[in-house]
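Trainee: Structure provided below as structure tokens; questions to follow.
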2 protein chains.
Amino acid sequence: MPHEFELIEHIVAGLGTPEGLLLGPGDDCALTDFRAGHVLASSIDSFVPDRHFPHDADAWLIASRCFRAALSDLAAMGATPKFALLALTCQTSDQAWIQAFTEGIRDTAAKFACPIAGGNLSTGAMNLTFSVHGEVPMGQALTRTGARADEDVYVSGVLGGAARGLAELRPADRDAVCALAETSSDHPLVRYWLPEPRLALGRSLIGLASAAIDISDGLLADAWHIAKASGTGISFNPSRLPKIGEIASSDDYELLFTAPREMRARIESLRERVTRIGETCREIGVWLGDEPVSEFATGFRHFSA
Amino acid sequence: MPHEFELIEHIVAGLGTPEGLLLGPGDDCALTDFRAGHVLASSIDSFVPDRHFPHDADAWLIASRCFRAALSDLAAMGATPKFALLALTCQTSDQAWIQAFTEGIRDTAAKFACPIAGGNLSTGAMNLTFSVHGEVPMGQALTRTGARADEDVYVSGVLGGAARGLAELRPADRDAVCALAETSSDHPLVRYWLPEPRLALGRSLIGLASAAIDISDGLLADAWHIAKASGTGISFNPSRLPKIGEIASSDDYELLFTAPREMRARIESLRERVTRIGETCREIGVWLGDEPVSEFATGFRHFSA
């Protein structure tokens, strides 16, 4: 087994040269600068085996799923990824696992132009933590607080696929899932393992959407987050929901957003797949058709071992 | 037991209002801006029980020790803290533990002017991960790569105290350690539980030091990091080392730095306690007096359960 310092050097080498940074991994801190007129959007997410992914899954798939899920928070603010920091706690003696994991990180970083600027490697119970950072035009970030009554409510993509993928989960490797993704991006296994952070859509929604959130806890739970933060209500039209599984299920990482009605034509002409699924109202709450939805009765179903 | 969302709201409320941010916890991302002419310095560190701290220790002390250790990386770059993100994985049913932990985070954030801008709470094997971010004047960060031959080598504070604290560790609560800190900042238990990130010193060294690192792995191991990154050698004078314990031991979080000789008067007149402990040389390596020090034979001794 190599010394821990050598293992870190090996991982850093495997990630390739990070672009767009002033200083990448290997010093006490990474250094980055930002475009004038932009601010920094930052989020942190941890992933734990048998809660956020099966512990015995392919390490490339684990890395891909978790990094993509973390990037989804940048999409929900309309931010463009700039860099990520990765803290990996695992049994550092399992070099084959670390190798495949590093490749998953490298491929995801390249796909979404989000280089790993720095990291931390510890020995212990497995835990993956990503701190992701992006830039967004000053004063234009898509927060949860901007929804007003009598606006339209939209969702991107399809709902419920990730939960179906979880329910139908079977041992899979990167090749099998990538082959599925080529032919069917809505396949439940693809939805579970390779969620799509809606970064291009998030950027497109700047100046159009009044509030946005990414659906990590489930459509209804995340609608409650917008409702409470904005002091408004959200009423869904059940017949319009683009669902391929349970809508209250977690992990879809689609964007739920609100927008004034006068933006409707511009939103419906966007290149990305979005569906108008309801409207906002004055009373704080969430409704599915005529049925009020309780705040804590919904969503947030993680993997259960 | 409250719902996880309520627990998060409780923790965020306990942290107080973060100052100096455009948007704090509660949305998909935090938002910050930076002073013109400055760049962002970023680092991530994870802490695992019985490796970085005893699992049954006082939660306020655990929070304080880990957050301070993470901030030390900003000190080593000469950066001024701007914000931190915190990912806490633990058994979320232990509310008393979370309460005390939150108070430790709050007090450390206030002391070092580094508000918690966002976080993540997961249920699982305990793991604390801090992503810390600061600003540093463009082109002036203290990296590891700038040391040249025939420079002076310095260290701040004293060495070996944290390892003695670890060896003599006994159950202690925040009141006992804070009382000790009032009367003896070099007490081993204080050195272990309340390491001092040398932020003011780091800022003072901008324009004076040629390279700097914080001593997390031990004086000799971290000297090797500068030596390799700078392509130079570091030779320590054993009789000058300000030690109160083993110098190769980890976790002191003092700054080890190099500086051209013409900076000597300005460095020795700094307000902070620094000691000139050696010099740099042309050949890559580390020496303790006449004895060469092997790269992997040193430092990096963590807590062993």
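Chain identifiers are assigned as A, B, and so on, following the order in which chains appear in the structure tokens; residues are numbered from 1 within each chain, and ligands are numbered from 1 in order of appearance.
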Once you count only C-alpha atoms, which residues of chain B turn out to be within 8 Å of chain A? Could you give them as a PyMOL selection string?

Mentor: chain B and resi 3+27-34+38-48+73-74+76-77+85-87+89+118-122+124-125+127+129+131+143-144+213-214+296

Trainee: Let me make sure I understand: if you superpose chain B onto chain A using all C-alpha atoms paired in order, what RMSD in Å results?

Mentor: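 Fitting chain B to chain A over paired C-alpha atoms yields 0.0 Å.
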
Trainee: Got a sec: who's within 6 Å of Tyr154 in chain B, counting only C-alpha atoms, leaving out chain neighbours fewer than 3 positions off, as a PyMOL selection string?

Mentor: chain B and resi 256-257+275-277

Trainee: Produce a file of the selected residues containing N, CA, C and O atoms, as a PDB file, in the first residue's frame.

Mentor:
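After the write, selection_0.pdb holds the following:
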```
ATOM      1  N   LEU B 256       4.837  27.312   9.056  1.00  0.00           N
ATOM      2  CA  LEU B 256       6.237  27.137   8.674  1.00  0.00           C
ATOM      3  C   LEU B 256       6.427  27.957   7.409  1.00  0.00           C
ATOM      4  O   LEU B 256       5.674  27.787   6.449  1.00  0.00           O
ATOM      5  N   PHE B 257       7.412  28.873   7.421  1.00  0.00           N
ATOM      6  CA  PHE B 257       7.560  29.713   6.230  1.00  0.00           C
ATOM      7  C   PHE B 257       9.010  30.093   5.977  1.00  0.00           C
ATOM      8  O   PHE B 257       9.854  30.015   6.863  1.00  0.00           O
ATOM      9  N   THR B 275       9.866  32.222  15.315  1.00  0.00           N
ATOM     10  CA  THR B 275      11.252  31.868  15.640  1.00  0.00           C
ATOM     11  C   THR B 275      11.969  31.472  14.353  1.00  0.00           C
ATOM     12  O   THR B 275      11.442  30.687  13.560  1.00  0.00           O
ATOM     13  N   ARG B 276      13.159  32.018  14.167  1.00  0.00           N
ATOM     14  CA  ARG B 276      13.973  31.647  13.008  1.00  0.00           C
ATOM     15  C   ARG B 276      14.645  30.331  13.339  1.00  0.00           C
ATOM     16  O   ARG B 276      15.389  30.232  14.323  1.00  0.00           O
ATOM     17  N   ILE B 277      14.369  29.292  12.568  1.00  0.00           N
ATOM     18  CA  ILE B 277      14.780  27.935  12.958  1.00  0.00           C
ATOM     19  C   ILE B 277      15.665  27.253  11.933  1.00  0.00           C
ATOM     20  O   ILE B 277      15.990  26.074  12.087  1.00  0.00           O
TER      21      ILE B 277
END
```

Trainee: Please identify which residues in range 110-226 of chain B DSSP calls helix (DSSP H, G or I) from the backbone, and express them as an MDAnalysis selection string.

Mentor: chainID B and resid 110:111 161:167 174:183 188:193 199:204 219:226

Trainee: Find the residues near Arg198 in chain A: any atom within 12 Å, counting only C-alpha atoms, skip ones fewer than 3 places away on the same chain, and give them as an mmCIF file with C-alpha atoms, in the first residue's frame.

Mentor:
```cif
data_model
loop_
_atom_site.group_PDB
_atom_site.id
_atom_site.type_symbol
_atom_site.label_atom_id
_atom_site.label_comp_id
_atom_site.auth_asym_id
_atom_site.auth_seq_id
_atom_site.Cartn_x
_atom_site.Cartn_y
_atom_site.Cartn_z
ATOM 1 C CA ARG A 68 -23.994 15.305 -10.599
ATOM 2 C CA ALA A 69 -26.430 15.607 -7.696
ATOM 3 C CA ALA A 70 -24.153 18.168 -6.040
ATOM 4 C CA LEU A 71 -23.916 20.200 -9.274
ATOM 5 C CA SER A 72 -27.703 20.358 -9.414
ATOM 6 C CA ASP A 73 -27.661 23.023 -6.676
ATOM 7 C CA LEU A 74 -25.675 25.310 -8.985
ATOM 8 C CA ALA A 75 -28.231 24.725 -11.756
ATOM 9 C CA ALA A 76 -31.008 25.728 -9.361
ATOM 10 C CA MET A 77 -29.367 29.147 -8.835
ATOM 11 C CA GLY A 78 -28.667 29.745 -12.530
ATOM 12 C CA ALA A 79 -24.937 29.500 -11.796
ATOM 13 C CA THR A 80 -22.185 28.338 -14.136
ATOM 14 C CA PRO A 81 -19.855 25.808 -12.461
ATOM 15 C CA PHE A 112 -19.875 19.771 -16.782
ATOM 16 C CA VAL A 155 -40.799 21.541 -14.048
ATOM 17 C CA SER A 156 -37.996 20.308 -16.294
ATOM 18 C CA GLY A 157 -37.641 16.757 -17.620
ATOM 19 C CA PRO A 195 -29.047 12.475 -12.995
ATOM 20 C CA LEU A 201 -31.675 25.499 -18.323
ATOM 21 C CA GLY A 202 -30.778 27.260 -15.059
ATOM 22 C CA ARG A 203 -28.695 29.790 -16.971
ATOM 23 C CA SER A 204 -31.492 30.277 -19.509
ATOM 24 C CA LEU A 205 -33.981 31.022 -16.740
ATOM 25 C CA ALA A 212 -36.319 28.026 -8.650
ATOM 26 C CA ILE A 213 -35.245 24.927 -6.736
ATOM 27 C CA ASP A 214 -33.830 21.588 -7.765
ATOM 28 C CA ILE A 215 -35.963 18.581 -6.844
ATOM 29 C CA ASP A 252 -34.866 13.503 -9.764
ATOM 30 C CA TYR A 253 -32.754 16.671 -9.746
ATOM 31 C CA GLU A 254 -35.098 18.400 -12.142
ATOM 32 C CA LEU A 255 -35.754 22.133 -11.754
ATOM 33 C CA LEU A 256 -39.055 23.316 -10.287
ATOM 34 C CA ARG A 271 -34.460 24.484 -26.058
ATOM 35 C CA GLU A 272 -34.806 22.443 -22.838
ATOM 36 C CA ARG A 273 -37.796 20.242 -22.050
ATOM 37 C CA VAL A 274 -40.051 22.041 -19.555
#
```

Trainee: Given only C-alpha atoms as the basis, pick out the residue of A:Gly218, A:Gly278, A:Gly207, A:Pro197 nearest to Ser239 in chain A.

Mentor: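 Closest to Ser239 in chain A of all the choices is A:Gly278.
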
Trainee: For the strand (DSSP E or B) assignment from backbone DSSP, which residues of range 195-235 of chain A qualify? Please present them as a ChimeraX atom specification.

Mentor: /A:211-214,233-235

Trainee: Go through A:Asp107, A:Asp251, A:Glu151, A:Asp186 and flag the residue nearest Asp217 in chain A, using only C-alpha atoms for the distances.

Mentor: A:Asp251
